[in-house]
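Okay, structure first, notes after.
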2 protein chains.
Amino acid sequence: MRRESRDRPPAVEAPPSDCGPEAAKARRDALSPTERERVERTVSDLLGLLGRAHTMAVLKEFAFAGEPLRFSELEERLGTPPNTLSERLKELTEAGLLTRRAYDEVPPRVEYETTPKARALFPAFGHFYRWAEDHDLDSGVER
Amino acid sequence: MRRESRDRPPAVEAPPSDCGPEAAKARRDALSPTERERVERTVSDLLGLLGRAHTMAVLKEFAFAGEPLRFSELEERLGTPPNTLSERLKELTEAGLLTRRAYDEVPPRVEYETTPKARALFPAFGHFYRWAEDHDLDSGVER
DNA sequence: CAGAATCCCAATTGATACTG
DNA sequence: CAGTATCAATTGGGATTCTG
C-alpha cells in the first residue's frame with residue numbers, strides 16, 4: 001500500500017496487516033456464507049450507528065480521553081446540544097459500546113465509560129487522526 | 001454481550017502500533033500548537049463528512065470493490081435514494097476523495113474512482129470489517 | 001446542579017416522478 | 001444511465017422545563 005507524498009516524520013510506515021482493505025477482502029472471501037452475511041449486516045449496522053450526527057466525535061473523545069467522561073464534559077468539549085448528546089449516548093449504551101453509571105450524590109454525577117467492544121473500535125479513530133496529519137479535506141490541496 | 005466469545009483470538013484488542021489511540025495521543029502531544037490545531041480541525045471536518053447518511057457505506061463499497069464504480073452500481077448495491085447518493089458523491093468529490101469521469105457514450109456512463117487520499121482512509125474501513133467479525137451490536141429496544 | 005423530557009422550527013433524508 | 005425536481009418524513013438544533 002502506498003503512502004502519499006509527505007515530508008512527515010517516520011512513525012510506522014508499514015500499514016498494519018490487520019486492518020488493510022486487501023486483508024479484509026481476503027478474509028471476507030474466506031467466511032462461510034452464513035457468517036459472511038452476519039458480518040455484512042453488522043458492518044452496515046455499525047456504519048449506520050456511527051453515521052449519526054456527533055456519534056463518531058463522541059467516540060473519538062473517549063478514545064483520546066482514555067477515561068470515563070461525564071455528560072457535561074462531553075457537552076462542553078463537543079458543543080453538542082444536550083438533547084442530541086443524550087440521544088447519542090443512549091444509542092451507544094444500547095449498542096453495548098458505553099456503560100452508564102449514575103452516582104447518587106449531590107450534585108448528581110453520571111459517568112459514561114467505554115466497553116471493550118468500543119475500545120476494539122478505537123484503532124479506526126486513531127487511523128483517522130493519523131490520516132489527518134498527512135492530509136487535508138477539500139480544496140483538493142494535498143499539502 | 002451476545003456473541004462476544006468466538007472461536008477466534010481477540011486480535012483486535014491489541015491495536016497495531018500505528019493506528020492505536022495511545023500512539024495517536026502521543027503523536028498529537030508531539031505536534032506544534034499550530035499543526036495540532038489544523039489536525040484537530042481536519043479530523044472533525046472528516047468526521048463531519050463521514051457522518052452523513054450513506055457516506056461511509058459508499059466509501060466501504062469502493063474499498064471492497066477496488067475499482068471505479070458507476071452511479072447505478074452504487075445505487076443498486078447500497079439502496080441509496082438517487083438524490084442523496086448524488087449529493088454524497090458530490091461532497092466526496094469536492095473533498096478530493098473521489099474523481100468523477102463522464103464518458104460521452106450512449107447510454108451515458110459516469111465512473112467514480114477513489115483518489116490516493118481516499119485510499120489512505122481505507123484501512124479504517126478494513127478495521128470496521130475486522131471488528132464486525134468478532135463483535136455484534138446489541139441492538140437495544142426500539143424507541 | 002446534572003441531565004432527561006418537551007416543544008418548535010430548521011435541516012437532512014427518503015420516495016418517487018421526471019429529464020437530458 | 002445518471003442524475004434533478006419535488007414533496008413527504010425523519011432527524012437535528014435551541015430553548016425551556018421538569019426531576020431527583
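Scheme for the C-alpha cells: letters A, B, ... for chains in order shown; per-chain residue numbers from 1; ligand numbers from 1 in order shown.
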Using only C-alpha atoms (C1' of nucleotides), what table do you get, as a Markdown table, when you list each residue of chain D with an atom no more than 8 Å from chain B, its nearest pair of atoms, and their distance in Å rounded to one decimal, rows by chain then rising number?
```
| residue | atom | partner | partner_atom | distance |
| --- | --- | --- | --- | --- |
| D:DC1 | C1' | B:Pro108 | CA | 5.3 |
| D:DA2 | C1' | B:Phe71 | CA | 6.8 |
| D:DG3 | C1' | B:Ser86 | CA | 7.2 |
| D:DT4 | C1' | B:Asn83 | CA | 7.7 |
```
Matching every Cα in sequence order between the two identical chains, what are the coordinates of chain A once fitted onto chain B? Write them as a PDB file with C-alpha atoms, in the first residue's frame.
```
ATOM      1  CA  MET A   1      -7.174  -3.171  24.929  1.00  0.00           C
ATOM      2  CA  ARG A   2      -9.704  -5.738  25.712  1.00  0.00           C
ATOM      3  CA  ARG A   3     -11.893  -7.854  23.637  1.00  0.00           C
ATOM      4  CA  GLU A   4     -15.498  -8.580  24.164  1.00  0.00           C
ATOM      5  CA  SER A   5     -16.804 -11.983  25.002  1.00  0.00           C
ATOM      6  CA  ARG A   6     -16.794 -13.919  21.824  1.00  0.00           C
ATOM      7  CA  ASP A   7     -16.579 -17.393  20.535  1.00  0.00           C
ATOM      8  CA  ARG A   8     -15.272 -15.960  17.360  1.00  0.00           C
ATOM      9  CA  PRO A   9     -12.495 -17.083  15.054  1.00  0.00           C
ATOM     10  CA  PRO A  10      -9.002 -15.960  15.880  1.00  0.00           C
ATOM     11  CA  ALA A  11      -8.263 -13.359  13.268  1.00  0.00           C
ATOM     12  CA  VAL A  12      -5.678 -11.036  14.651  1.00  0.00           C
ATOM     13  CA  GLU A  13      -6.385 -10.321  18.249  1.00  0.00           C
ATOM     14  CA  ALA A  14      -3.857  -7.590  18.782  1.00  0.00           C
ATOM     15  CA  PRO A  15      -5.319  -4.260  17.759  1.00  0.00           C
ATOM     16  CA  PRO A  16      -3.059  -2.403  15.398  1.00  0.00           C
ATOM     17  CA  SER A  17      -0.788  -0.190  17.415  1.00  0.00           C
ATOM     18  CA  ASP A  18      -1.353   2.311  14.706  1.00  0.00           C
ATOM     19  CA  CYS A  19      -4.981   3.226  15.163  1.00  0.00           C
ATOM     20  CA  GLY A  20      -5.749   2.705  18.822  1.00  0.00           C
ATOM     21  CA  PRO A  21      -7.155   5.658  20.725  1.00  0.00           C
ATOM     22  CA  GLU A  22      -4.353   5.661  23.267  1.00  0.00           C
ATOM     23  CA  ALA A  23      -1.848   5.877  20.470  1.00  0.00           C
ATOM     24  CA  ALA A  24      -3.785   8.687  18.881  1.00  0.00           C
ATOM     25  CA  LYS A  25      -4.028  10.526  22.173  1.00  0.00           C
ATOM     26  CA  ALA A  26      -0.305  10.212  22.764  1.00  0.00           C
ATOM     27  CA  ARG A  27       0.409  11.360  19.251  1.00  0.00           C
ATOM     28  CA  ARG A  28      -1.889  14.295  19.632  1.00  0.00           C
ATOM     29  CA  ASP A  29      -0.080  15.443  22.712  1.00  0.00           C
ATOM     30  CA  ALA A  30       3.186  15.289  20.797  1.00  0.00           C
ATOM     31  CA  LEU A  31       2.017  17.666  18.083  1.00  0.00           C
ATOM     32  CA  SER A  32       2.911  21.314  18.018  1.00  0.00           C
ATOM     33  CA  PRO A  33       0.005  23.587  18.946  1.00  0.00           C
ATOM     34  CA  THR A  34      -0.294  24.800  15.371  1.00  0.00           C
ATOM     35  CA  GLU A  35      -0.226  21.372  13.835  1.00  0.00           C
ATOM     36  CA  ARG A  36      -2.525  20.019  16.464  1.00  0.00           C
ATOM     37  CA  GLU A  37      -5.050  22.702  15.737  1.00  0.00           C
ATOM     38  CA  ARG A  38      -4.934  21.873  12.050  1.00  0.00           C
ATOM     39  CA  VAL A  39      -5.411  18.185  12.776  1.00  0.00           C
ATOM     40  CA  GLU A  40      -8.349  18.846  15.079  1.00  0.00           C
ATOM     41  CA  ARG A  41      -9.984  20.950  12.431  1.00  0.00           C
ATOM     42  CA  THR A  42      -9.341  18.347   9.772  1.00  0.00           C
ATOM     43  CA  VAL A  43     -10.832  15.623  11.935  1.00  0.00           C
ATOM     44  CA  SER A  44     -13.973  17.574  12.592  1.00  0.00           C
ATOM     45  CA  ASP A  45     -14.237  18.504   8.914  1.00  0.00           C
ATOM     46  CA  LEU A  46     -13.840  14.845   8.060  1.00  0.00           C
ATOM     47  CA  LEU A  47     -16.469  13.755  10.549  1.00  0.00           C
ATOM     48  CA  GLY A  48     -18.735  16.456   9.213  1.00  0.00           C
ATOM     49  CA  LEU A  49     -18.293  15.140   5.700  1.00  0.00           C
ATOM     50  CA  LEU A  50     -18.756  11.506   6.666  1.00  0.00           C
ATOM     51  CA  GLY A  51     -21.722  12.351   8.825  1.00  0.00           C
ATOM     52  CA  ARG A  52     -24.096  13.108   5.960  1.00  0.00           C
ATOM     53  CA  ALA A  53     -26.663  10.662   4.782  1.00  0.00           C
ATOM     54  CA  HIS A  54     -25.204   7.793   2.721  1.00  0.00           C
ATOM     55  CA  THR A  55     -21.657   9.147   2.626  1.00  0.00           C
ATOM     56  CA  MET A  56     -20.095   6.380   4.647  1.00  0.00           C
ATOM     57  CA  ALA A  57     -22.192   3.805   2.878  1.00  0.00           C
ATOM     58  CA  VAL A  58     -20.831   5.076  -0.415  1.00  0.00           C
ATOM     59  CA  LEU A  59     -17.256   4.827   0.811  1.00  0.00           C
ATOM     60  CA  LYS A  60     -17.866   1.408   2.242  1.00  0.00           C
ATOM     61  CA  GLU A  61     -19.108   0.316  -1.162  1.00  0.00           C
ATOM     62  CA  PHE A  62     -15.905   1.510  -2.763  1.00  0.00           C
ATOM     63  CA  ALA A  63     -13.833  -0.106  -0.046  1.00  0.00           C
ATOM     64  CA  PHE A  64     -15.338  -3.503  -0.694  1.00  0.00           C
ATOM     65  CA  ALA A  65     -15.596  -3.139  -4.443  1.00  0.00           C
ATOM     66  CA  GLY A  66     -11.926  -2.360  -4.874  1.00  0.00           C
ATOM     67  CA  GLU A  67     -12.595  -0.941  -8.290  1.00  0.00           C
ATOM     68  CA  PRO A  68     -14.212   2.058  -9.957  1.00  0.00           C
ATOM     69  CA  LEU A  69     -17.979   2.193  -9.677  1.00  0.00           C
ATOM     70  CA  ARG A  70     -20.572   3.744 -11.872  1.00  0.00           C
ATOM     71  CA  PHE A  71     -23.325   6.028 -10.711  1.00  0.00           C
ATOM     72  CA  SER A  72     -25.984   3.468 -11.491  1.00  0.00           C
ATOM     73  CA  GLU A  73     -24.141   0.713  -9.641  1.00  0.00           C
ATOM     74  CA  LEU A  74     -24.028   2.791  -6.498  1.00  0.00           C
ATOM     75  CA  GLU A  75     -27.612   3.837  -6.914  1.00  0.00           C
ATOM     76  CA  GLU A  76     -28.688   0.219  -7.219  1.00  0.00           C
ATOM     77  CA  ARG A  77     -26.538  -1.199  -4.431  1.00  0.00           C
ATOM     78  CA  LEU A  78     -27.384   1.488  -1.925  1.00  0.00           C
ATOM     79  CA  GLY A  79     -30.902   2.399  -2.928  1.00  0.00           C
ATOM     80  CA  THR A  80     -29.959   6.026  -2.653  1.00  0.00           C
ATOM     81  CA  PRO A  81     -32.123   8.539  -4.509  1.00  0.00           C
ATOM     82  CA  PRO A  82     -30.257   9.907  -7.538  1.00  0.00           C
ATOM     83  CA  ASN A  83     -30.261  13.504  -6.431  1.00  0.00           C
ATOM     84  CA  THR A  84     -28.866  12.680  -3.025  1.00  0.00           C
ATOM     85  CA  LEU A  85     -26.295  10.311  -4.469  1.00  0.00           C
ATOM     86  CA  SER A  86     -25.272  12.941  -6.959  1.00  0.00           C
ATOM     87  CA  GLU A  87     -24.723  15.440  -4.191  1.00  0.00           C
ATOM     88  CA  ARG A  88     -22.691  13.031  -2.069  1.00  0.00           C
ATOM     89  CA  LEU A  89     -20.496  12.094  -4.989  1.00  0.00           C
ATOM     90  CA  LYS A  90     -19.899  15.743  -5.712  1.00  0.00           C
ATOM     91  CA  GLU A  91     -18.905  16.409  -2.128  1.00  0.00           C
ATOM     92  CA  LEU A  92     -16.560  13.446  -2.045  1.00  0.00           C
ATOM     93  CA  THR A  93     -15.025  14.482  -5.344  1.00  0.00           C
ATOM     94  CA  GLU A  94     -14.518  18.046  -4.157  1.00  0.00           C
ATOM     95  CA  ALA A  95     -12.977  16.744  -0.957  1.00  0.00           C
ATOM     96  CA  GLY A  96     -10.431  14.906  -3.065  1.00  0.00           C
ATOM     97  CA  LEU A  97     -11.619  11.457  -2.089  1.00  0.00           C
ATOM     98  CA  LEU A  98     -13.058  10.466  -5.441  1.00  0.00           C
ATOM     99  CA  THR A  99     -12.236  11.215  -9.027  1.00  0.00           C
ATOM    100  CA  ARG A 100     -14.900  11.395 -11.661  1.00  0.00           C
ATOM    101  CA  ARG A 101     -14.239  10.215 -15.184  1.00  0.00           C
ATOM    102  CA  ALA A 102     -16.831  10.623 -17.915  1.00  0.00           C
ATOM    103  CA  TYR A 103     -16.496   8.527 -21.043  1.00  0.00           C
ATOM    104  CA  ASP A 104     -17.875   9.945 -24.211  1.00  0.00           C
ATOM    105  CA  GLU A 105     -19.828   6.910 -25.264  1.00  0.00           C
ATOM    106  CA  VAL A 106     -23.297   5.821 -26.126  1.00  0.00           C
ATOM    107  CA  PRO A 107     -24.790   4.936 -23.802  1.00  0.00           C
ATOM    108  CA  PRO A 108     -22.921   7.403 -21.598  1.00  0.00           C
ATOM    109  CA  ARG A 109     -20.735   6.092 -18.814  1.00  0.00           C
ATOM    110  CA  VAL A 110     -19.297   7.822 -15.771  1.00  0.00           C
ATOM    111  CA  GLU A 111     -16.969   6.120 -13.373  1.00  0.00           C
ATOM    112  CA  TYR A 112     -15.987   7.201  -9.917  1.00  0.00           C
ATOM    113  CA  GLU A 113     -12.725   6.022  -8.469  1.00  0.00           C
ATOM    114  CA  THR A 114     -11.159   6.409  -5.070  1.00  0.00           C
ATOM    115  CA  THR A 115      -8.043   8.466  -4.557  1.00  0.00           C
ATOM    116  CA  PRO A 116      -5.157   7.295  -2.357  1.00  0.00           C
ATOM    117  CA  LYS A 117      -6.440   9.748   0.216  1.00  0.00           C
ATOM    118  CA  ALA A 118      -9.754   7.906   0.337  1.00  0.00           C
ATOM    119  CA  ARG A 119      -8.099   4.521   0.406  1.00  0.00           C
ATOM    120  CA  ALA A 120      -6.076   5.661   3.390  1.00  0.00           C
ATOM    121  CA  LEU A 121      -9.424   5.961   5.122  1.00  0.00           C
ATOM    122  CA  PHE A 122     -10.605   2.452   4.333  1.00  0.00           C
ATOM    123  CA  PRO A 123      -9.084   0.618   7.281  1.00  0.00           C
ATOM    124  CA  ALA A 124     -11.584   2.445   9.455  1.00  0.00           C
ATOM    125  CA  PHE A 125     -14.408   0.959   7.428  1.00  0.00           C
ATOM    126  CA  GLY A 126     -12.806  -2.435   7.615  1.00  0.00           C
ATOM    127  CA  HIS A 127     -12.794  -1.961  11.348  1.00  0.00           C
ATOM    128  CA  PHE A 128     -16.520  -1.206  11.372  1.00  0.00           C
ATOM    129  CA  TYR A 129     -17.101  -4.419   9.496  1.00  0.00           C
ATOM    130  CA  ARG A 130     -14.914  -6.299  11.912  1.00  0.00           C
ATOM    131  CA  TRP A 131     -16.843  -4.749  14.777  1.00  0.00           C
ATOM    132  CA  ALA A 132     -20.123  -5.873  13.296  1.00  0.00           C
ATOM    133  CA  GLU A 133     -18.928  -9.453  13.316  1.00  0.00           C
ATOM    134  CA  ASP A 134     -18.616  -9.354  17.075  1.00  0.00           C
ATOM    135  CA  HIS A 135     -21.396  -6.999  18.044  1.00  0.00           C
ATOM    136  CA  ASP A 136     -24.916  -5.946  17.468  1.00  0.00           C
ATOM    137  CA  LEU A 137     -26.602  -2.628  17.861  1.00  0.00           C
ATOM    138  CA  ASP A 138     -29.455  -1.816  20.176  1.00  0.00           C
ATOM    139  CA  SER A 139     -31.449  -4.160  22.365  1.00  0.00           C
ATOM    140  CA  GLY A 140     -28.322  -4.162  24.467  1.00  0.00           C
ATOM    141  CA  VAL A 141     -27.970  -7.737  23.371  1.00  0.00           C
ATOM    142  CA  GLU A 142     -24.341  -8.666  23.282  1.00  0.00           C
ATOM    143  CA  ARG A 143     -24.548 -11.787  21.258  1.00  0.00           C
TER     144      ARG A 143
END
```
Set the cut-off to 8 Å and count only C-alpha atoms (C1' of nucleotides): what are the residues of chain C that reach chain B? Output as a list in words.
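The complete set of qualifying residues is DT13, DG14 and DA15 of chain C.
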Using DSSP on the backbone, list every residue of chain A that comes out as strand (DSSP E), and give them as JSON, numbers by chain.
{"A": [69, 70, 98, 99, 100, 101, 102, 103, 109, 110, 111, 112, 113, 114]}
Go ahead and dump the residues you just picked, C-alpha atoms, as a compact mmCIF listing (two decimals), in the first residue's frame.
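Result saved to selection01.txt:
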```
# COMPACT_ATOMS: atom_id res chain seq x y z
CA LEU A 69 -16.39 11.05 30.86
CA ARG A 70 -19.30 12.91 32.29
CA LEU A 98 -20.79 2.53 26.54
CA THR A 99 -21.85 1.86 30.08
CA ARG A 100 -23.66 4.44 32.11
CA ARG A 101 -23.07 4.77 35.82
CA ALA A 102 -25.07 7.19 37.93
CA TYR A 103 -23.72 8.17 41.32
CA ARG A 109 -22.88 12.78 38.68
CA VAL A 110 -23.18 10.39 35.76
CA GLU A 111 -20.21 8.81 34.11
CA TYR A 112 -20.04 7.08 30.78
CA GLU A 113 -17.34 4.54 30.16
CA THR A 114 -16.33 2.60 27.10
```
Per DSSP on the backbone, what are the helix (DSSP H, G or I) residues of range 11-120 of chain B, as number ranges by chain?
B: 21-30, 33-50, 55-65, 71-78, 82-94, 116-119
With C-alpha atoms retained, could you export that selection as a tab-separated table (two decimals), in the first residue's frame?
```tsv
chain	number	residue	atom	x	y	z
B	21	PRO	CA	-5.29	5.54	20.21
B	22	GLU	CA	-2.29	5.66	22.52
B	23	ALA	CA	0.02	6.18	19.59
B	24	ALA	CA	-2.24	8.85	18.19
B	25	LYS	CA	-2.42	10.56	21.55
B	26	ALA	CA	1.35	10.55	21.88
B	27	ARG	CA	1.71	11.84	18.36
B	28	ARG	CA	-0.81	14.56	19.00
B	29	ASP	CA	1.10	15.78	22.00
B	30	ALA	CA	4.23	15.99	19.89
B	33	PRO	CA	0.23	24.01	18.57
B	34	THR	CA	-0.45	25.32	15.09
B	35	GLU	CA	-0.20	21.96	13.43
B	36	ARG	CA	-2.16	20.31	16.15
B	37	GLU	CA	-4.96	22.79	15.67
B	38	ARG	CA	-5.02	22.08	11.97
B	39	VAL	CA	-5.13	18.35	12.57
B	40	GLU	CA	-7.93	18.67	15.08
B	41	ARG	CA	-9.93	20.71	12.66
B	42	THR	CA	-9.25	18.27	9.84
B	43	VAL	CA	-10.34	15.35	11.99
B	44	SER	CA	-13.57	17.00	12.93
B	45	ASP	CA	-14.18	18.03	9.33
B	46	LEU	CA	-13.53	14.46	8.30
B	47	LEU	CA	-15.88	13.07	10.91
B	48	GLY	CA	-18.45	15.61	9.82
B	49	LEU	CA	-18.13	14.46	6.24
B	50	LEU	CA	-18.23	10.77	7.10
B	55	THR	CA	-21.15	8.32	3.16
B	56	MET	CA	-19.19	5.62	4.93
B	57	ALA	CA	-21.18	2.94	3.19
B	58	VAL	CA	-20.19	4.48	-0.14
B	59	LEU	CA	-16.53	4.51	0.82
B	60	LYS	CA	-16.72	0.96	2.11
B	61	GLU	CA	-18.13	-0.07	-1.25
B	62	PHE	CA	-15.17	1.49	-3.01
B	63	ALA	CA	-12.76	-0.07	-0.55
B	64	PHE	CA	-14.01	-3.56	-1.27
B	65	ALA	CA	-14.60	-3.03	-4.96
B	71	PHE	CA	-23.64	5.70	-10.13
B	72	SER	CA	-26.11	2.91	-10.78
B	73	GLU	CA	-23.85	0.28	-9.24
B	74	LEU	CA	-23.67	2.24	-6.03
B	75	GLU	CA	-27.36	2.97	-6.08
B	76	GLU	CA	-28.15	-0.70	-6.50
B	77	ARG	CA	-25.65	-2.08	-4.00
B	78	LEU	CA	-26.49	0.42	-1.29
B	82	PRO	CA	-30.60	8.84	-6.11
B	83	ASN	CA	-30.78	12.39	-4.84
B	84	THR	CA	-29.00	11.51	-1.64
B	85	LEU	CA	-26.41	9.43	-3.43
B	86	SER	CA	-25.86	12.25	-5.87
B	87	GLU	CA	-25.26	14.67	-3.06
B	88	ARG	CA	-22.87	12.35	-1.23
B	89	LEU	CA	-20.84	11.72	-4.37
B	90	LYS	CA	-20.63	15.44	-4.97
B	91	GLU	CA	-19.40	16.03	-1.43
B	92	LEU	CA	-16.81	13.28	-1.66
B	93	THR	CA	-15.63	14.58	-4.99
B	94	GLU	CA	-15.33	18.12	-3.69
B	116	PRO	CA	-4.99	8.21	-3.07
B	117	LYS	CA	-6.30	10.43	-0.31
B	118	ALA	CA	-9.39	8.27	-0.04
B	119	ARG	CA	-7.43	5.06	-0.25
```
